[in-house]
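With mmCIF, C-alpha atoms and all ligand atoms inside, this is input28.cif:
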data_upload
loop_
_atom_site.group_PDB
_atom_site.id
_atom_site.type_symbol
_atom_site.label_atom_id
_atom_site.label_comp_id
_atom_site.auth_asym_id
_atom_site.auth_seq_id
_atom_site.Cartn_x
_atom_site.Cartn_y
_atom_site.Cartn_z
ATOM 1 C CA MET A 1472 11.352 -41.003 3.558
ATOM 2 C CA GLU A 1473 10.702 -37.306 3.016
ATOM 3 C CA LYS A 1474 7.310 -36.423 1.551
ATOM 4 C CA VAL A 1475 7.563 -35.107 -2.036
ATOM 5 C CA LEU A 1476 5.751 -31.811 -2.658
ATOM 6 C CA GLN A 1477 3.531 -32.121 -5.721
ATOM 7 C CA PRO A 1478 3.627 -29.409 -8.430
ATOM 8 C CA PHE A 1479 0.605 -27.108 -8.191
ATOM 9 C CA PHE A 1480 -0.784 -23.882 -9.605
ATOM 10 C CA THR A 1481 -3.408 -21.241 -9.089
ATOM 11 C CA ILE A 1482 -4.903 -18.518 -11.297
ATOM 12 C CA PHE A 1483 -5.207 -14.779 -10.717
ATOM 13 C CA ASP A 1484 -8.905 -13.894 -10.718
ATOM 14 C CA GLU A 1485 -9.165 -10.378 -12.201
ATOM 15 C CA ASN A 1486 -12.661 -9.805 -10.891
ATOM 16 C CA ARG A 1487 -11.967 -10.737 -7.287
ATOM 17 C CA ASN A 1488 -8.353 -9.525 -7.209
ATOM 18 C CA ALA A 1489 -7.422 -12.856 -5.652
ATOM 19 C CA PHE A 1490 -6.050 -16.286 -6.486
ATOM 20 C CA THR A 1491 -8.801 -18.718 -7.537
ATOM 21 C CA ARG A 1492 -7.283 -21.205 -5.082
ATOM 22 C CA TYR A 1493 -5.114 -20.372 -2.081
ATOM 23 C CA SER A 1494 -4.138 -22.073 1.137
ATOM 24 C CA SER A 1495 -4.444 -19.144 3.518
ATOM 25 C CA TYR A 1496 -6.178 -15.771 3.669
ATOM 26 C CA GLU A 1497 -5.442 -12.832 5.942
ATOM 27 C CA GLU A 1498 -7.066 -9.459 6.168
ATOM 28 C CA ARG A 1499 -5.814 -6.421 8.035
ATOM 29 C CA LYS A 1500 -8.354 -3.924 9.284
ATOM 30 C CA LEU A 1501 -7.583 -0.505 10.731
ATOM 31 C CA SER A 1502 -7.868 -2.118 14.180
ATOM 32 C CA ASP A 1503 -4.832 -4.280 13.280
ATOM 33 C CA MET A 1504 -2.765 -1.211 12.443
ATOM 34 C CA LYS A 1505 -2.498 0.666 15.705
ATOM 35 C CA GLY A 1506 0.626 2.822 15.658
ATOM 36 C CA TYR A 1507 1.295 2.559 11.929
ATOM 37 C CA PHE A 1508 -0.305 5.821 10.781
ATOM 38 C CA ALA A 1509 0.966 9.256 11.823
ATOM 39 C CA ASN A 1510 -2.468 10.408 13.053
ATOM 40 C CA GLU A 1511 -3.311 7.694 15.603
ATOM 41 C CA ALA A 1512 -6.376 9.577 16.903
ATOM 42 C CA ARG A 1513 -7.909 9.653 13.419
ATOM 43 C CA ARG A 1514 -7.053 5.952 12.868
ATOM 44 C CA GLN A 1515 -8.858 5.089 16.094
ATOM 45 C CA GLN A 1516 -11.848 7.214 15.129
ATOM 46 C CA MET A 1517 -12.087 5.428 11.752
ATOM 47 C CA GLU A 1518 -11.777 2.092 13.575
ATOM 48 C CA GLU A 1519 -14.763 3.057 15.724
ATOM 49 C CA GLN A 1520 -16.725 4.251 12.669
ATOM 50 C CA GLY A 1521 -16.704 1.006 10.679
ATOM 51 C CA ASN A 1522 -13.164 -0.348 10.953
ATOM 52 C CA PRO A 1523 -12.540 -0.789 7.221
ATOM 53 C CA ILE A 1524 -10.329 -3.498 5.746
ATOM 54 C CA VAL A 1525 -7.016 -1.966 4.678
ATOM 55 C CA TYR A 1526 -5.572 -4.958 2.792
ATOM 56 C CA ARG A 1527 -6.139 -8.636 2.007
ATOM 57 C CA VAL A 1528 -3.530 -11.347 1.397
ATOM 58 C CA TYR A 1529 -4.161 -14.623 -0.469
ATOM 59 C CA LYS A 1530 -1.209 -16.943 0.095
ATOM 60 C CA GLN A 1531 0.058 -20.247 -1.238
ATOM 61 C CA ASP A 1532 1.752 -22.019 1.669
ATOM 62 C CA VAL A 1533 4.690 -24.356 1.127
ATOM 63 C CA PRO A 1534 7.010 -26.139 3.584
ATOM 64 C CA LEU A 1535 9.068 -23.467 5.384
ATOM 65 C CA LYS A 1536 12.424 -24.827 4.328
ATOM 66 C CA GLU A 1537 15.302 -23.504 2.260
ATOM 67 C CA GLY A 1538 14.685 -23.734 -1.465
ATOM 68 C CA GLU A 1539 10.880 -23.509 -1.451
ATOM 69 C CA LEU A 1540 9.101 -20.301 -2.508
ATOM 70 C CA LEU A 1541 6.116 -18.683 -0.799
ATOM 71 C CA HIS A 1542 3.897 -16.528 -2.986
ATOM 72 C CA CYS A 1543 0.813 -14.401 -2.557
ATOM 73 C CA ILE A 1544 -1.526 -11.801 -4.008
ATOM 74 C CA THR A 1545 -1.994 -8.643 -1.938
ATOM 75 C CA MET A 1546 -4.854 -6.228 -2.515
ATOM 76 C CA ILE A 1547 -4.720 -2.847 -0.773
ATOM 77 C CA GLU A 1548 -8.015 -0.975 -0.645
ATOM 78 C CA PRO A 1549 -8.198 2.694 -1.664
ATOM 79 C CA GLY A 1550 -8.382 5.025 1.321
ATOM 80 C CA HIS A 1551 -6.358 7.134 3.711
ATOM 81 C CA VAL A 1552 -6.032 8.127 7.350
ATOM 82 C CA ASP A 1553 -5.920 11.933 7.557
ATOM 83 C CA GLY A 1554 -4.243 12.046 4.133
ATOM 84 C CA GLU A 1555 -1.839 9.116 4.677
ATOM 85 C CA PHE A 1556 -2.669 6.432 2.118
ATOM 86 C CA PHE A 1557 -3.690 2.898 3.087
ATOM 87 C CA MET A 1558 -0.626 0.651 3.156
ATOM 88 C CA THR A 1559 0.727 -2.636 4.434
ATOM 89 C CA LYS A 1560 2.344 -2.837 7.863
ATOM 90 C CA GLY A 1561 5.692 -3.439 6.222
ATOM 91 C CA HIS A 1562 8.381 -5.745 7.515
ATOM 92 C CA TYR A 1563 11.970 -6.891 7.398
ATOM 93 C CA HIS A 1564 12.792 -10.533 6.827
ATOM 94 C CA LEU A 1565 14.066 -12.291 9.948
ATOM 95 C CA ASN A 1566 16.551 -14.006 7.676
ATOM 96 C CA GLU A 1567 18.384 -10.994 6.250
ATOM 97 C CA ASP A 1568 19.787 -13.075 3.373
ATOM 98 C CA CYS A 1569 16.334 -13.307 1.752
ATOM 99 C CA ALA A 1570 15.238 -11.074 -1.149
ATOM 100 C CA GLU A 1571 11.731 -10.747 -2.630
ATOM 101 C CA ILE A 1572 10.087 -9.941 -5.980
ATOM 102 C CA TYR A 1573 6.885 -7.937 -6.489
ATOM 103 C CA TYR A 1574 4.911 -7.822 -9.712
ATOM 104 C CA GLY A 1575 2.321 -5.047 -10.162
ATOM 105 C CA GLN A 1576 -1.012 -6.304 -11.468
ATOM 106 C CA LYS A 1577 -3.677 -3.614 -11.050
ATOM 107 C CA GLY A 1578 -3.890 -0.056 -9.868
ATOM 108 C CA LYS A 1579 -1.147 2.298 -8.783
ATOM 109 C CA GLY A 1580 1.123 1.632 -5.857
ATOM 110 C CA LEU A 1581 4.401 2.554 -4.270
ATOM 111 C CA LEU A 1582 7.022 0.229 -2.877
ATOM 112 C CA LEU A 1583 8.873 1.904 0.010
ATOM 113 C CA MET A 1584 12.154 0.328 1.088
ATOM 114 C CA GLN A 1585 14.765 1.207 3.643
ATOM 115 C CA LYS A 1586 18.016 -0.116 4.985
ATOM 116 C CA GLY A 1587 19.580 1.816 7.864
ATOM 117 C CA ASP A 1588 19.345 5.485 6.870
ATOM 118 C CA ARG A 1589 18.947 4.709 3.146
ATOM 119 C CA THR A 1590 15.511 4.797 1.541
ATOM 120 C CA GLU A 1591 14.362 3.786 -1.937
ATOM 121 C CA THR A 1592 10.989 4.091 -3.660
ATOM 122 C CA ILE A 1593 9.678 2.283 -6.735
ATOM 123 C CA GLU A 1594 6.388 3.221 -8.409
ATOM 124 C CA MET A 1595 4.366 0.082 -9.033
ATOM 125 C CA ASN A 1596 2.143 -0.008 -12.109
ATOM 126 C CA PRO A 1597 0.655 -3.027 -13.909
ATOM 127 C CA GLY A 1598 3.660 -4.899 -15.305
ATOM 128 C CA THR A 1599 6.303 -3.416 -12.969
ATOM 129 C CA VAL A 1600 8.655 -6.091 -11.650
ATOM 130 C CA ALA A 1601 10.441 -4.825 -8.542
ATOM 131 C CA TYR A 1602 13.352 -6.481 -6.778
ATOM 132 C CA ILE A 1603 13.757 -6.031 -3.027
ATOM 133 C CA PRO A 1604 17.342 -6.942 -2.180
ATOM 134 C CA ALA A 1605 18.102 -8.961 0.948
ATOM 135 C CA GLY A 1606 18.207 -6.845 4.104
ATOM 136 C CA TRP A 1607 15.843 -4.059 2.992
ATOM 137 C CA GLY A 1608 12.629 -3.365 4.921
ATOM 138 C CA HIS A 1609 9.639 -3.094 2.592
ATOM 139 C CA ARG A 1610 6.109 -1.706 2.601
ATOM 140 C CA THR A 1611 3.565 -1.105 -0.170
ATOM 141 C CA VAL A 1612 1.106 1.768 -0.433
ATOM 142 C CA ASN A 1613 -1.993 2.239 -2.587
ATOM 143 C CA VAL A 1614 -1.656 5.783 -3.929
ATOM 144 C CA SER A 1615 -5.052 5.797 -5.645
ATOM 145 C CA GLN A 1616 -8.107 7.103 -3.789
ATOM 146 C CA HIS A 1617 -10.416 5.308 -6.215
ATOM 147 C CA GLU A 1618 -9.198 1.796 -7.067
ATOM 148 C CA PRO A 1619 -7.429 -1.071 -5.347
ATOM 149 C CA PHE A 1620 -3.725 -1.716 -5.817
ATOM 150 C CA VAL A 1621 -2.994 -5.391 -6.479
ATOM 151 C CA PHE A 1622 0.401 -7.094 -6.704
ATOM 152 C CA PHE A 1623 1.950 -10.539 -6.726
ATOM 153 C CA SER A 1624 4.941 -11.429 -4.492
ATOM 154 C CA VAL A 1625 7.320 -14.354 -4.267
ATOM 155 C CA TRP A 1626 9.956 -14.881 -1.559
ATOM 156 C CA PRO A 1627 12.062 -17.644 -0.013
ATOM 157 C CA ALA A 1628 10.192 -19.888 2.410
ATOM 158 C CA GLN A 1629 12.876 -19.470 5.087
ATOM 159 C CA SER A 1630 12.536 -15.629 5.146
ATOM 160 C CA GLY A 1631 10.337 -15.178 8.226
ATOM 161 C CA TYR A 1632 8.879 -11.773 9.097
ATOM 162 C CA ASN A 1633 9.968 -9.079 11.512
ATOM 163 C CA TYR A 1634 7.077 -6.609 11.895
ATOM 164 C CA GLN A 1635 8.309 -5.188 15.205
ATOM 165 C CA ARG A 1636 11.423 -3.782 13.543
ATOM 166 C CA ALA A 1637 9.188 -1.785 11.174
ATOM 167 C CA LEU A 1638 7.698 -0.150 14.307
ATOM 168 C CA ASP A 1639 11.052 0.285 16.080
ATOM 169 C CA GLU A 1640 12.655 1.771 12.951
ATOM 170 C CA PRO A 1641 9.596 3.406 11.335
ATOM 171 C CA PHE A 1642 9.580 3.918 7.571
ATOM 172 C CA GLN A 1643 10.981 7.408 7.079
ATOM 173 C CA LYS A 1644 8.911 8.250 4.004
ATOM 174 C CA LYS A 1645 5.139 8.489 3.978
ATOM 175 C CA ALA A 1646 2.890 8.718 0.923
ATOM 176 C CA VAL A 1647 0.180 11.337 1.403
ATOM 177 C CA VAL A 1648 -2.697 12.691 -0.651
ATOM 178 C CA ASP A 1649 -1.752 15.561 -2.950
ATOM 179 C CA GLY A 1650 -4.810 16.590 -4.963
ATOM 180 C CA ASP A 1651 -5.679 13.550 -7.081
ATOM 181 C CA SER A 1652 -2.140 12.194 -6.796
ATOM 182 C CA TYR A 1653 0.390 11.650 -4.005
ATOM 183 C CA LYS A 1654 3.556 13.121 -2.597
ATOM 184 C CA LEU A 1655 6.231 11.705 -0.341
ATOM 185 C CA VAL A 1656 6.889 13.480 2.945
HETATM 186 FE FE FE B 1 8.733 -9.618 2.593
#

Kindly return the structure encoded in the file as structure tokens.
Amino acid sequence: MEKVLQPFFTIFDENRNAFTRYSSYEERKLSDMKGYFANEARRQQMEEQGNPIVYRVYKQDVPLKEGELLHCITMIEPGHVDGEFFMTKGHYHLNEDCAEIYYGQKGKGLLLMQKGDRTETIEMNPGTVAYIPAGWGHRTVNVSQHEPFVFFSVWPAQSGYNYQRALDEPFQKKAVVDGDSYKLV
């Protein structure tokens, strides 16, 4: 007989910008992001001079079958590589029928999406609920130089991730430092 998944919960810890309980943790340092920033030489130099963490992901794992929902908290550190703000690698879902929802919790972020030659951007503030339709590539950026950007995501367990496609079809818009704010180039 199939094992029954028990109901469960976790709590968002405001001080740590993390779930109080989670089943997996991943961090991405600058060394994990070769080729993602426009100025690769500067990225490499920053990797050699301390290799800072760019973002952290606290995930609740569930069985990877249709109907279940994965969810996580992502925290992107403040910082930039030669003016290009710290961001996630970005990905498409392997299963192009799978959408995703983001909920902004702390800080100021941008959600960059693209599908073919179409691009869309949503500013993410605390309380923003953003819907990423099926088939759109998505990446988040912390556009503050001073505080982390933290958001909650939930997506179908059968989505899968295609990171290579985000390298093969690079995100056309980049968020760069503009005084104490940002601009898209
Ligand atoms: Fe996703």

Worksheet entry | Minimum-distance residue to ligand FE 1 (chain B), chosen among A:Phe1483, A:Tyr1529, A:Tyr1602, A:Phe1556 (using all atoms listed in the file) |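 Using all atoms listed in the file, ligand FE 1 (chain B) sits closest to A:Tyr1602.
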
Worksheet item: Which is closest to ligand FE 1 (chain B) among A:Glu1555, A:Glu1567, A:Glu1548, A:Glu1497, if we use all atoms listed in the file?
Response: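 Residue with the minimum atom-to-atom distance to ligand FE 1 (chain B): A:Glu1567.
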
Worksheet entry | Residues selected by the PyMOL selection byres (((not hetatm)) within 7 of (chain B and resi 1)), written as a ChimeraX atom specification | /A:1562-1564,1571,1609,1626,1632

Store the residues picked out above, limited to C-alpha atoms, as a PDB file, in the coordinates of the input.
ATOM      1  CA  HIS A1562       8.381  -5.745   7.515  1.00  0.00           C
ATOM      2  CA  TYR A1563      11.970  -6.891   7.398  1.00  0.00           C
ATOM      3  CA  HIS A1564      12.792 -10.533   6.827  1.00  0.00           C
ATOM      4  CA  GLU A1571      11.731 -10.747  -2.630  1.00  0.00           C
ATOM      5  CA  HIS A1609       9.639  -3.094   2.592  1.00  0.00           C
ATOM      6  CA  TRP A1626       9.956 -14.881  -1.559  1.00  0.00           C
ATOM      7  CA  TYR A1632       8.879 -11.773   9.097  1.00  0.00           C
TER       8      TYR A1632
END

Worksheet item: Near Asp1568 (chain A), counting only C-alpha atoms, which residues have an atom at most 9 Å away, once you skip same-chain residues fewer than 5 positions from it, shown as a list in words?
Response: Pro1604, Ala1605, Gly1606 and Ser1630 of chain A

Worksheet, complete the sentence: With distances taken over only C-alpha atoms, the candidate from A:Tyr1526, A:Phe1508, A:Trp1607, A:Phe1642 nearest Asn1566 (chain A) is A:Trp1607

Fill in: Result set, the PyMOL selection byres (((chain A and resi 1575-1589) around 6) and not hetatm) on current file, as a PyMOL selection string
chain A and resi 1574+1590-1599+1607-1614+1619-1622

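Proximity ranking of A:Ala1628, A:Leu1638, A:Val1533, A:Ile1524 relative to Phe1557 (chain A) places A:Ile1524 first, based on all atoms listed in the file.
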
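Shortest atom-to-atom contact with Asp1532 (chain A) among A:Pro1627, A:Gly1561, A:Gly1650, A:Pro1641: A:Pro1627, counting only C-alpha atoms.
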
Fill in: Using only C-alpha atoms: which of A:Val1552, A:Leu1655, A:Val1525, A:Leu1565 has the shortest distance to Asn1510 (chain A)
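Closest to Asn1510 (chain A), using only C-alpha atoms: A:Val1552.
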
Worksheet item: Suppose you want the space between CA of Gln1635 (chain A) and CA of Asp1503 (chain A); what is it in Å?
Response: 13.3 Å

Worksheet entry | Between CA of Leu1501 (chain A) and CA of Glu1485 (chain A), distance in Å (one decimal) |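 These atoms are spaced 25.0 Å apart.
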
Worksheet item: CA of Ile1603 (chain A) and CA of Ala1637 (chain A), how far apart in Å?
Response: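 We find that CA of Ala1637 (chain A) and CA of Ile1603 (chain A) lie 15.5 Å from each other.
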
Item to complete: Determine the residue membership of the PyMOL selection byres (((chain A and resi 1541) around 12) and not hetatm) for the file above and supply it as an MDAnalysis selection string.
Response: chainID A and resid 1493:1495 1529:1540 1542:1544 1569:1572 1623:1631
